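Student: Next comes work37.cif, mmCIF, C-alpha atoms and all ligand atoms:
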data_input
loop_
_atom_site.label_atom_id
_atom_site.label_comp_id
_atom_site.auth_asym_id
_atom_site.auth_seq_id
_atom_site.Cartn_x
_atom_site.Cartn_y
_atom_site.Cartn_z
CA MET A 1 0.00 0.00 0.00
CA ILE A 2 1.62 3.27 -1.07
CA PRO A 3 0.77 6.86 -0.10
CA VAL A 4 -1.38 8.94 -2.46
CA GLU A 5 1.52 11.28 -3.36
CA ASN A 6 3.82 8.42 -4.32
CA ALA A 7 1.11 6.82 -6.41
CA LEU A 8 0.53 10.09 -8.25
CA GLU A 9 4.28 10.48 -8.78
CA ILE A 10 4.50 7.02 -10.34
CA VAL A 11 1.53 7.71 -12.59
CA LEU A 12 2.86 11.07 -13.78
CA ALA A 13 6.37 9.69 -14.31
CA HIS A 14 4.93 7.17 -16.77
CA ALA A 15 2.45 9.49 -18.50
CA PRO A 16 4.06 10.49 -21.81
CA ARG A 17 3.60 13.87 -23.44
CA LEU A 18 1.66 13.15 -26.59
CA ALA A 19 2.55 14.48 -30.03
CA VAL A 20 1.38 17.95 -31.05
CA GLU A 21 -1.01 18.93 -33.82
CA ASN A 22 -1.89 22.11 -35.68
CA VAL A 23 -5.39 23.44 -35.02
CA ASP A 24 -7.48 26.47 -35.88
CA PHE A 25 -7.63 28.85 -32.93
CA GLN A 26 -11.43 28.54 -32.93
CA ASP A 27 -11.11 24.82 -32.21
CA ALA A 28 -8.52 25.30 -29.49
CA LEU A 29 -10.69 25.81 -26.42
CA GLY A 30 -9.57 23.44 -23.65
CA ARG A 31 -6.41 22.39 -25.50
CA VAL A 32 -2.87 23.01 -24.22
CA LEU A 33 -0.68 25.32 -26.26
CA ALA A 34 2.54 23.65 -27.47
CA GLU A 35 4.36 26.77 -28.71
CA ASP A 36 4.91 30.36 -27.60
CA VAL A 37 2.79 32.93 -29.44
CA PHE A 38 4.20 36.36 -30.31
CA SER A 39 2.49 39.60 -31.23
CA ASP A 40 2.80 40.72 -34.85
CA LEU A 41 1.97 44.30 -33.92
CA ASP A 42 2.07 46.94 -31.22
CA LEU A 43 -0.96 47.03 -28.94
CA PRO A 44 -2.66 49.32 -29.17
CA PRO A 45 -1.49 49.76 -32.79
CA PHE A 46 -2.12 53.54 -32.59
CA PRO A 47 -2.60 55.97 -29.70
CA ARG A 48 -6.13 54.99 -28.70
CA SER A 49 -8.81 57.01 -26.99
CA ALA A 50 -10.14 55.18 -23.93
CA MET A 51 -13.24 57.36 -23.71
CA ASP A 52 -15.88 59.23 -25.66
CA GLY A 53 -14.92 62.89 -25.44
CA TYR A 54 -12.69 65.56 -26.99
CA ALA A 55 -9.11 65.22 -28.13
CA LEU A 56 -7.21 68.38 -27.27
CA ARG A 57 -3.93 69.92 -26.13
CA ALA A 58 -3.85 69.95 -22.32
CA GLU A 59 -1.93 73.24 -22.23
CA ASP A 60 -4.80 75.00 -24.04
CA VAL A 61 -7.13 74.42 -21.09
CA THR A 62 -5.98 77.20 -18.81
CA HIS A 63 -9.07 77.37 -16.63
CA ALA A 64 -12.14 75.24 -15.88
CA SER A 65 -14.38 76.75 -18.55
CA THR A 66 -12.05 77.10 -21.52
CA LYS A 67 -13.78 77.11 -24.91
CA LEU A 68 -12.17 75.30 -27.87
CA GLN A 69 -13.13 75.16 -31.53
CA VAL A 70 -14.39 71.73 -32.62
CA ILE A 71 -12.76 70.86 -35.96
CA GLY A 72 -14.15 67.38 -36.62
CA THR A 73 -15.31 64.00 -35.36
CA ILE A 74 -13.29 60.77 -35.18
CA PRO A 75 -15.31 57.56 -34.83
CA ALA A 76 -13.52 54.23 -34.19
CA GLY A 77 -12.12 52.93 -37.47
CA THR A 78 -11.43 56.37 -38.91
CA ASN A 79 -7.90 57.64 -39.35
CA PRO A 80 -7.98 61.43 -38.75
CA SER A 81 -6.39 63.44 -41.56
CA PHE A 82 -6.32 66.72 -39.63
CA GLU A 83 -4.10 67.99 -36.85
CA VAL A 84 -5.41 69.54 -33.64
CA LYS A 85 -3.85 72.98 -33.34
CA LYS A 86 -3.79 75.60 -30.61
CA GLY A 87 -7.31 76.39 -29.39
CA GLN A 88 -8.86 73.43 -31.17
CA ALA A 89 -10.44 70.11 -30.19
CA ALA A 90 -11.83 67.09 -32.06
CA GLN A 91 -14.77 65.03 -30.97
CA ILE A 92 -13.49 61.48 -30.49
CA LEU A 93 -15.12 58.12 -29.74
CA THR A 94 -13.78 55.22 -27.69
CA GLY A 95 -11.25 53.15 -29.61
CA ALA A 96 -10.53 55.83 -32.22
CA PRO A 97 -6.98 57.01 -33.01
CA VAL A 98 -6.01 60.25 -31.32
CA PRO A 99 -5.23 62.90 -33.98
CA ARG A 100 -1.84 64.51 -34.38
CA GLY A 101 -1.38 67.54 -32.15
CA ALA A 102 -3.68 66.32 -29.38
CA ASP A 103 -2.11 64.94 -26.22
CA SER A 104 -5.20 64.30 -24.07
CA VAL A 105 -8.83 63.23 -24.25
CA HIS A 106 -11.39 64.87 -22.01
CA ILE A 107 -14.58 62.93 -21.28
CA VAL A 108 -17.77 64.15 -22.91
CA GLU A 109 -19.62 64.19 -19.56
CA LYS A 110 -17.39 67.05 -18.37
CA THR A 111 -17.96 69.28 -21.42
CA ARG A 112 -20.70 71.45 -22.88
CA LEU A 113 -21.20 71.98 -26.62
CA TYR A 114 -22.18 75.39 -28.03
CA GLY A 115 -22.53 75.09 -31.80
CA THR A 116 -18.96 74.62 -33.06
CA ASP A 117 -17.35 75.38 -29.71
CA VAL A 118 -16.93 73.07 -26.76
CA GLU A 119 -16.51 74.23 -23.22
CA ILE A 120 -14.11 72.09 -21.19
CA LEU A 121 -15.36 72.11 -17.60
CA GLU A 122 -12.22 70.88 -15.83
CA LEU A 123 -8.48 71.22 -16.06
CA VAL A 124 -6.83 68.50 -18.07
CA THR A 125 -3.87 66.29 -17.19
CA PRO A 126 -1.60 65.73 -20.21
CA GLY A 127 -1.97 62.16 -21.53
CA GLN A 128 -5.27 61.47 -19.83
CA ASN A 129 -7.57 58.87 -21.43
CA ILE A 130 -5.04 58.02 -24.13
CA ILE A 131 -3.34 54.64 -24.33
CA PRO A 132 -0.12 55.27 -26.27
CA ARG A 133 0.82 52.98 -29.14
CA GLY A 134 2.55 49.81 -27.85
CA LYS A 135 1.73 50.56 -24.21
CA GLU A 136 0.16 47.10 -23.71
CA VAL A 137 2.34 44.97 -25.97
CA THR A 138 5.27 45.66 -28.30
CA THR A 139 5.70 43.86 -31.63
CA GLY A 140 7.52 40.58 -30.96
CA ASP A 141 6.44 40.28 -27.32
CA THR A 142 5.31 36.83 -26.10
CA VAL A 143 1.55 36.99 -25.52
CA LEU A 144 0.77 33.30 -24.86
CA ARG A 145 3.20 30.80 -23.36
CA LYS A 146 3.64 27.15 -24.22
CA GLY A 147 1.76 25.07 -21.63
CA THR A 148 -1.21 27.47 -21.40
CA LEU A 149 -4.58 25.78 -21.06
CA LEU A 150 -6.47 27.67 -23.74
CA GLY A 151 -9.55 29.43 -22.42
CA PRO A 152 -11.74 32.11 -23.97
CA ALA A 153 -9.31 34.93 -23.11
CA ALA A 154 -6.47 33.07 -24.84
CA VAL A 155 -8.70 32.66 -27.90
CA ALA A 156 -9.20 36.44 -27.84
CA VAL A 157 -5.43 36.99 -27.64
CA ALA A 158 -4.86 34.67 -30.61
CA ALA A 159 -7.43 36.63 -32.61
CA THR A 160 -5.87 39.95 -31.57
CA VAL A 161 -2.40 39.02 -32.79
CA GLY A 162 -3.67 37.24 -35.89
CA LYS A 163 -2.42 33.79 -34.80
CA THR A 164 -5.18 31.76 -36.40
CA ARG A 165 -3.50 28.35 -36.23
CA PHE A 166 -1.17 26.94 -33.63
CA GLN A 167 0.36 23.80 -32.21
CA VAL A 168 -1.46 22.14 -29.32
CA GLY A 169 -0.95 18.83 -27.53
CA CYS A 170 -2.96 15.95 -28.98
CA ARG A 171 -5.97 14.81 -26.98
CA PRO A 172 -5.36 11.46 -25.27
CA ARG A 173 -7.40 8.56 -26.65
CA VAL A 174 -9.08 6.83 -23.73
CA ALA A 175 -10.90 3.49 -23.69
CA VAL A 176 -13.40 2.74 -20.93
CA ILE A 177 -14.52 -0.74 -19.82
CA ALA A 178 -16.90 -1.49 -16.94
CA THR A 179 -16.69 -4.95 -15.39
CA GLY A 180 -19.16 -6.97 -13.33
CA ASN A 181 -21.67 -9.80 -13.74
CA GLU A 182 -24.20 -7.76 -11.79
CA LEU A 183 -24.39 -4.89 -14.28
CA VAL A 184 -27.31 -4.09 -16.54
CA PRO A 185 -27.61 -1.10 -18.88
CA PRO A 186 -29.31 2.09 -17.62
CA THR A 187 -32.21 1.37 -19.97
CA ARG A 188 -33.08 -1.86 -18.13
CA LYS A 189 -34.75 -2.40 -14.77
CA PRO A 190 -32.30 -4.48 -12.71
CA GLY A 191 -33.41 -8.00 -11.76
CA PRO A 192 -32.71 -9.54 -8.36
CA ALA A 193 -29.03 -8.99 -7.37
CA GLN A 194 -28.45 -6.74 -10.35
CA ILE A 195 -27.59 -3.03 -10.48
CA ARG A 196 -27.38 -0.55 -13.28
CA ASN A 197 -23.95 0.24 -14.69
CA SER A 198 -23.02 3.81 -13.81
CA ASN A 199 -19.21 3.72 -13.83
CA GLY A 200 -18.96 3.21 -17.57
CA TYR A 201 -20.74 6.52 -17.97
CA SER A 202 -19.15 8.50 -15.14
CA LEU A 203 -15.66 7.55 -16.37
CA SER A 204 -16.53 8.47 -19.94
CA ALA A 205 -17.92 11.78 -18.71
CA GLN A 206 -14.90 12.55 -16.52
CA ALA A 207 -12.46 11.68 -19.31
CA THR A 208 -14.40 13.77 -21.82
CA LYS A 209 -14.41 16.67 -19.40
CA ALA A 210 -10.65 16.24 -18.99
CA GLY A 211 -10.25 16.74 -22.75
CA ALA A 212 -9.83 13.11 -23.85
CA ARG A 213 -11.30 11.39 -26.91
CA VAL A 214 -13.28 8.60 -25.30
CA SER A 215 -14.25 5.21 -26.66
CA TYR A 216 -16.67 3.41 -24.38
CA LEU A 217 -16.11 -0.29 -25.03
CA GLY A 218 -18.95 -1.58 -22.87
CA VAL A 219 -19.27 -4.13 -20.06
CA ALA A 220 -17.13 -7.21 -19.49
CA GLU A 221 -18.34 -10.05 -17.30
CA ASP A 222 -16.13 -11.37 -14.54
CA ASP A 223 -14.48 -14.09 -16.59
CA LYS A 224 -11.42 -14.18 -18.79
CA ALA A 225 -13.35 -15.00 -21.94
CA SER A 226 -15.35 -11.80 -21.60
CA LEU A 227 -12.54 -9.58 -20.26
CA SER A 228 -9.84 -10.56 -22.76
CA PRO A 229 -11.25 -9.24 -26.05
CA LEU A 230 -12.25 -5.92 -24.50
CA ILE A 231 -8.89 -5.48 -22.80
CA ARG A 232 -7.11 -6.35 -26.06
CA GLN A 233 -9.11 -3.64 -27.79
CA GLY A 234 -8.62 -1.21 -24.89
CA LEU A 235 -4.85 -1.58 -25.03
CA THR A 236 -4.77 0.06 -28.47
CA HIS A 237 -5.62 3.41 -26.81
CA ASP A 238 -3.28 5.85 -25.04
CA VAL A 239 -5.10 5.13 -21.78
CA LEU A 240 -7.28 2.19 -20.75
CA LEU A 241 -9.68 2.71 -17.84
CA LEU A 242 -11.42 -0.25 -16.22
CA SER A 243 -13.84 -0.15 -13.35
CA GLY A 244 -14.35 -2.99 -10.90
CA GLY A 245 -12.73 -6.38 -10.54
CA VAL A 246 -9.60 -5.20 -8.74
CA SER A 247 -10.40 -6.23 -5.15
CA MET A 248 -9.49 -9.50 -3.46
CA GLY A 249 -12.56 -11.51 -4.52
CA ARG A 250 -12.37 -14.79 -6.44
CA LEU A 251 -13.88 -13.09 -9.50
CA ASP A 252 -11.65 -10.02 -9.38
CA LEU A 253 -9.65 -11.00 -12.44
CA VAL A 254 -8.74 -7.67 -14.00
CA GLU A 255 -5.14 -7.55 -12.74
CA GLU A 256 -4.50 -11.14 -13.79
CA VAL A 257 -5.84 -10.64 -17.31
CA LEU A 258 -3.91 -7.39 -17.68
CA GLU A 259 -0.69 -9.22 -16.77
CA GLU A 260 -1.47 -11.91 -19.34
CA PHE A 261 -1.51 -9.11 -21.93
CA GLY A 262 1.94 -7.99 -20.80
CA VAL A 263 0.82 -5.08 -18.63
CA ARG A 264 3.46 -4.28 -16.02
CA ILE A 265 1.61 -3.51 -12.75
CA LEU A 266 3.29 -0.64 -10.87
CA ILE A 267 0.61 0.06 -8.27
CA ASP A 268 -1.97 -2.28 -6.82
CA LYS A 269 -2.90 -0.67 -3.53
CA VAL A 270 -3.00 2.93 -2.40
CA ALA A 271 -3.35 4.26 1.16
CA LEU A 272 -6.56 5.97 0.18
CA LYS A 273 -10.19 5.85 1.20
CA PRO A 274 -12.13 5.30 -0.92
CA GLY A 275 -9.88 3.71 -3.52
CA LYS A 276 -7.52 1.29 -1.80
CA PRO A 277 -7.49 -1.39 -4.56
CA THR A 278 -6.50 1.09 -7.31
CA VAL A 279 -4.35 -0.59 -9.96
CA PHE A 280 -1.99 1.19 -12.32
CA GLY A 281 0.23 -0.38 -14.96
CA ILE A 282 2.02 0.12 -18.24
CA GLY A 283 0.89 -1.73 -21.35
CA PRO A 284 3.22 -3.39 -23.88
CA ASN A 285 3.18 -0.20 -26.02
CA ASP A 286 3.76 2.03 -22.98
CA HIS A 287 0.08 2.89 -22.81
CA LEU A 288 -1.34 3.62 -19.36
CA VAL A 289 -3.76 1.22 -17.73
CA PHE A 290 -5.89 2.05 -14.70
CA GLY A 291 -7.96 -0.56 -12.88
CA LEU A 292 -10.20 1.56 -10.68
CA PRO A 293 -12.24 0.10 -7.83
CA GLY A 294 -15.88 -0.49 -8.75
CA ASN A 295 -17.76 1.34 -6.04
CA PRO A 296 -19.12 4.35 -7.93
CA VAL A 297 -17.65 6.97 -5.55
CA SER A 298 -14.28 5.18 -5.48
CA THR A 299 -14.21 5.13 -9.26
CA MET A 300 -14.83 8.87 -9.49
CA VAL A 301 -12.43 9.83 -6.68
CA THR A 302 -9.57 7.74 -8.07
CA PHE A 303 -10.15 9.19 -11.53
CA GLU A 304 -9.95 12.69 -10.02
CA LEU A 305 -6.76 11.95 -8.07
CA PHE A 306 -4.78 9.92 -10.62
CA VAL A 307 -6.32 9.81 -14.09
CA ARG A 308 -7.19 13.48 -14.55
CA PRO A 309 -3.63 14.67 -13.81
CA ALA A 310 -2.20 12.00 -16.14
CA LEU A 311 -4.50 13.10 -18.99
CA ALA A 312 -3.58 16.74 -18.37
CA LYS A 313 0.15 15.96 -18.56
CA MET A 314 -0.30 13.89 -21.71
CA ALA A 315 -2.12 16.78 -23.38
CA GLY A 316 0.76 19.12 -22.56
CA SER A 317 -0.14 20.77 -19.24
CA VAL A 318 2.76 21.84 -17.07
CA ASP A 319 1.03 21.89 -13.70
CA THR A 320 -1.53 19.11 -13.51
CA GLY A 321 -2.65 19.35 -9.87
CA ARG A 322 -5.73 20.93 -8.42
CA PRO A 323 -5.17 24.04 -6.33
CA LEU A 324 -5.89 22.74 -2.82
CA LEU A 325 -7.72 25.13 -0.52
CA SER A 326 -7.89 25.53 3.24
CA ALA A 327 -11.32 25.79 4.80
CA THR A 328 -13.00 25.82 8.19
CA LEU A 329 -14.73 22.52 8.85
CA LYS A 330 -18.38 23.10 9.79
CA GLY A 331 -19.26 19.62 11.11
CA PRO A 332 -17.40 16.57 12.38
CA LEU A 333 -15.66 14.35 9.84
CA ALA A 334 -14.71 10.76 10.60
CA SER A 335 -12.94 7.93 8.82
CA LYS A 336 -11.21 5.13 10.74
CA GLY A 337 -7.85 3.65 9.89
CA PRO A 338 -4.48 4.84 8.63
CA ARG A 339 -5.51 5.64 5.04
CA ARG A 340 -6.02 9.22 3.89
CA ALA A 341 -9.71 9.86 3.27
CA TYR A 342 -11.37 12.05 0.63
CA LEU A 343 -14.93 12.73 1.72
CA PRO A 344 -17.68 14.56 -0.14
CA GLY A 345 -18.25 18.13 0.96
CA TRP A 346 -19.79 21.42 0.06
CA LEU A 347 -17.35 24.29 0.02
CA ASP A 348 -19.10 27.57 0.71
CA THR A 349 -17.14 30.71 -0.12
CA SER A 350 -19.95 33.13 0.63
CA SER A 351 -19.19 33.64 4.32
CA ALA A 352 -17.44 36.80 5.42
CA GLU A 353 -14.75 34.79 7.25
CA ALA A 354 -11.20 34.63 5.91
CA LEU A 355 -11.50 30.94 5.03
CA PRO A 356 -14.35 29.30 3.12
CA GLU A 357 -16.60 26.90 5.00
CA ALA A 358 -16.37 23.14 4.39
CA HIS A 359 -19.64 21.34 5.08
CA PRO A 360 -19.45 17.53 5.20
CA ILE A 361 -22.15 15.85 3.13
CA VAL A 362 -23.95 12.94 4.77
CA SER A 363 -22.95 9.83 2.82
CA ARG A 364 -23.43 6.08 3.20
CA GLY A 365 -19.93 5.52 1.87
CA SER A 366 -18.26 4.67 -1.40
CA GLY A 367 -21.42 3.25 -2.94
CA ASP A 368 -23.43 6.40 -2.29
CA ILE A 369 -23.21 8.11 -5.66
CA VAL A 370 -26.26 10.26 -4.99
CA ALA A 371 -24.61 11.86 -1.94
CA PHE A 372 -21.37 12.25 -3.90
CA SER A 373 -23.17 14.00 -6.75
CA LYS A 374 -24.09 16.82 -4.35
CA ALA A 375 -20.44 17.57 -3.52
CA ASN A 376 -18.38 20.38 -5.01
CA ALA A 377 -15.21 19.37 -3.17
CA LEU A 378 -13.38 16.49 -1.49
CA LEU A 379 -12.57 17.10 2.17
CA ILE A 380 -9.20 15.58 3.02
CA LEU A 381 -8.88 13.72 6.32
CA PRO A 382 -5.12 13.12 6.71
CA GLU A 383 -3.40 9.76 7.27
CA ASN A 384 -3.76 8.31 10.77
CA ILE A 385 -6.41 10.83 11.81
CA ASP A 386 -9.76 9.22 12.56
CA ARG A 387 -11.77 12.34 13.24
CA MET A 388 -11.78 16.10 12.85
CA GLU A 389 -14.12 18.48 14.64
CA ALA A 390 -16.09 21.52 13.54
CA GLY A 391 -13.89 24.62 13.72
CA GLU A 392 -10.70 22.89 12.64
CA THR A 393 -8.94 23.95 9.45
CA ILE A 394 -9.11 21.30 6.76
CA ARG A 395 -7.49 20.86 3.32
CA VAL A 396 -9.92 20.63 0.48
CA ASN A 397 -9.67 19.41 -3.11
CA PRO A 398 -12.20 21.42 -5.14
CA LEU A 399 -14.03 19.59 -7.93
CA ASP A 400 -15.04 21.06 -11.29
CA SER A 401 -18.45 21.92 -9.87
CA PHE A 402 -16.80 24.21 -7.30
CA LEU A 403 -16.79 26.98 -9.89
CA PHE A 404 -20.59 26.89 -10.03
CA ARG A 405 -21.92 28.22 -6.79
CA GLU A 406 -25.52 27.33 -7.38
CA SER A 407 -26.65 24.09 -5.80
CA PRO A 408 -30.26 23.05 -5.35
CA TRP A 409 -29.06 20.91 -2.41
CA GLN A 410 -27.04 23.54 -0.65
CA ASN A 411 -29.50 24.21 2.13
CA GLU A 412 -29.79 20.52 2.97
CA THR A 413 -26.14 19.56 2.62
CA ALA A 414 -24.58 22.65 4.07
CA LYS A 415 -26.40 22.68 7.39
P1 LIG B 501 -15.86 -4.34 -7.51
O1 LIG B 501 -14.75 -3.33 -7.43
O2 LIG B 501 -15.99 -4.98 -8.84
O3 LIG B 501 -15.74 -5.35 -6.39
O4 LIG B 501 -17.19 -3.57 -7.25
C1 LIG B 501 -17.45 -2.95 -6.02
C2 LIG B 501 -18.88 -2.48 -5.92
O5 LIG B 501 -19.13 -1.54 -6.94
C3 LIG B 501 -19.91 -3.56 -6.11
O6 LIG B 501 -20.97 -3.32 -5.22
C4 LIG B 501 -20.37 -3.36 -7.52
O7 LIG B 501 -21.68 -3.82 -7.71
C5 LIG B 501 -20.25 -1.89 -7.72
N1 LIG B 501 -19.97 -1.63 -9.12
C6 LIG B 501 -19.01 -2.23 -9.85
N2 LIG B 501 -19.02 -1.79 -11.11
C7 LIG B 501 -20.02 -0.89 -11.19
C8 LIG B 501 -20.53 -0.08 -12.26
N3 LIG B 501 -20.03 -0.13 -13.48
N4 LIG B 501 -21.56 0.75 -11.99
C9 LIG B 501 -22.08 0.80 -10.74
N5 LIG B 501 -21.64 0.08 -9.70
C10 LIG B 501 -20.63 -0.78 -9.91
MG MG B 502 -16.93 -6.57 -9.57
#
Translate this file's structure into structure tokens.
Ligand code: AMP
Ligand code: MG

Tutor:
Amino acid sequence: MIPVENALEIVLAHAPRLAVENVDFQDALGRVLAEDVFSDLDLPPFPRSAMDGYALRAEDVTHASTKLQVIGTIPAGTNPSFEVKKGQAAQILTGAPVPRGADSVHIVEKTRLYGTDVEILELVTPGQNIIPRGKEVTTGDTVLRKGTLLGPAAVAVAATVGKTRFQVGCRPRVAVIATGNELVPPTRKPGPAQIRNSNGYSLSAQATKAGARVSYLGVAEDDKASLSPLIRQGLTHDVLLLSGGVSMGRLDLVEEVLEEFGVRILIDKVALKPGKPTVFGIGPNDHLVFGLPGNPVSTMVTFELFVRPALAKMAGSVDTGRPLLSATLKGPLASKGPRRAYLPGWLDTSSAEALPEAHPIVSRGSGDIVAFSKANALLILPENIDRMEAGETIRVNPLDSFLFRESPWQNETAK
């Protein structure tokens, strides 16, 4: 049984960076940039007015009701041909180039127009409301760094500097297999001793969310004849994910069949709750293989802790971890034994206190997927600690749903 950190280290050490591919910037959302991107121009490309108002020479405004002659209007997209001379001003709109001669823009709200004259109602500071050419970025500057996870703002930057195609890490190809004689499809009503398969779908969803290209291969029964063909097929992908069949039972055959296919097992127990029987190995073509425990919460937690970071590294990410947070525990948390526990919780950042509040969610354990689905975070109970009390500071692993504050369950789970 190895500690969570060591297990993650082993996984990441064996996760290869995948090849890169060239994509259109509009298809790049969620991908990881594999090259630096430079600006092909100065930003702004001309001295830009930040406001609607009047372009003028600050020194002409000698008192707070100076009148200037308005010589023209400059909308955005128009290059002014005239020069602003002594005693003159030009009406200017946000984003328009400041005309020659002018050194300041005064906002329209602090002016009064009389025919062709404008009264400037305040003194003017030279340079105000003008962003000089190149003030944000100079031609040749790096604007996006290799390793950036491309979000909407990065897409905007690419558009701004005219970088319409770039290199990104390839998306990992992931195969998913659920195992278990007891499983029936979600479309069927389970018979006696049967349950519906949920892990096949949660793993596919998690992997898709992590940016992978997912092939769901279906359900294998707990015998070699059923497992073998699916595992053979699964091993042609960058990553093979299996759920179930990795515990100590007589029908837990996943590890054995994997070894028959030449998979080198590097991890087969982790000091983790839920998730102790987690298996990790390397396939004959250096592909990654994860045998995740079958309890639906264990499957999802072990994906979050080990598979998601591996997929992120493969796709080119530099830092693959979650930012862990500290929070004030709002109810007691218990988990016996030496293993580190990750328990479902609701992290509430709306309190006025310095730390967010961590509310434990009542759960019947690693089979309780309904309780787990209400969580937006995993509350971490450290190794060898059986219990923590309300008021203590706890480490928390936020989940994707943490970014969405709305929860229809919040009032029940958080109190
Ligand atoms: P296992 O790891 O195969 O021993 O499974 C542990 C528990 O998880 C058992 O109660 C299984 O019925 C349940 N389980 C296994 N696979 C799935 C699945 N695909 N969907 C939902 N529950 C599952
Ligand atoms: Mg099973």

Student: Any idea what the distance is between atom CA of A:Gly294 and atom CA of A:His359?

Tutor: 26.1 Å

Student: Taking 5 positions as the minimum chain separation for residues in the same chain, which residues sit within 8 Å of stretch 266-283 of chain A when counting all atoms listed in the file? Answer as JSON, numbers by chain.

Tutor: {"A": [1, 2, 3, 4, 7, 10, 11, 14, 235, 246, 247, 255, 261, 288, 289, 290, 291, 292, 293, 297, 298, 299, 301, 302, 338, 339, 340, 341, 342, 366]}

Student: What does the structure give for the distance between atom CA of A:Gly262 and atom CA of A:Leu12, in Å to one decimal?

Tutor: 20.3 Å

Student: Quick one, how far is atom CA of A:Val214 from atom CA of A:Leu324?

Tutor: 27.6 Å

Student: With the cut-off set at 6 Å and counting only C-alpha atoms and all ligand atoms, tabulate each residue of chain A with an atom at most that distance from an atom of ligand MG 502 (chain B), showing the nearest atom pair and its distance in Å to one decimal, ordered by chain and increasing number, as CSV.

Tutor:
residue,atom,partner,partner_atom,distance
A:Gly180,CA,B:MG502,MG,4.4
A:Gly244,CA,B:MG502,MG,4.6
A:Gly245,CA,B:MG502,MG,4.3

Student: For A:Arg196, work out the shell of residues within 12 Å, counting only C-alpha atoms and skipping chain neighbours fewer than 3 positions away, then give it as a ChimeraX atom specification.

Tutor: /A:178-193,199-201,219,296

Student: Using only C-alpha atoms, which residues sit within 7 Å of A:Leu123 once same-chain residues fewer than 2 positions away are excluded, as a list in words?

Tutor: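 Listed by chain and then number, they are Val61, His63, Ala64 and Thr125 of chain A.
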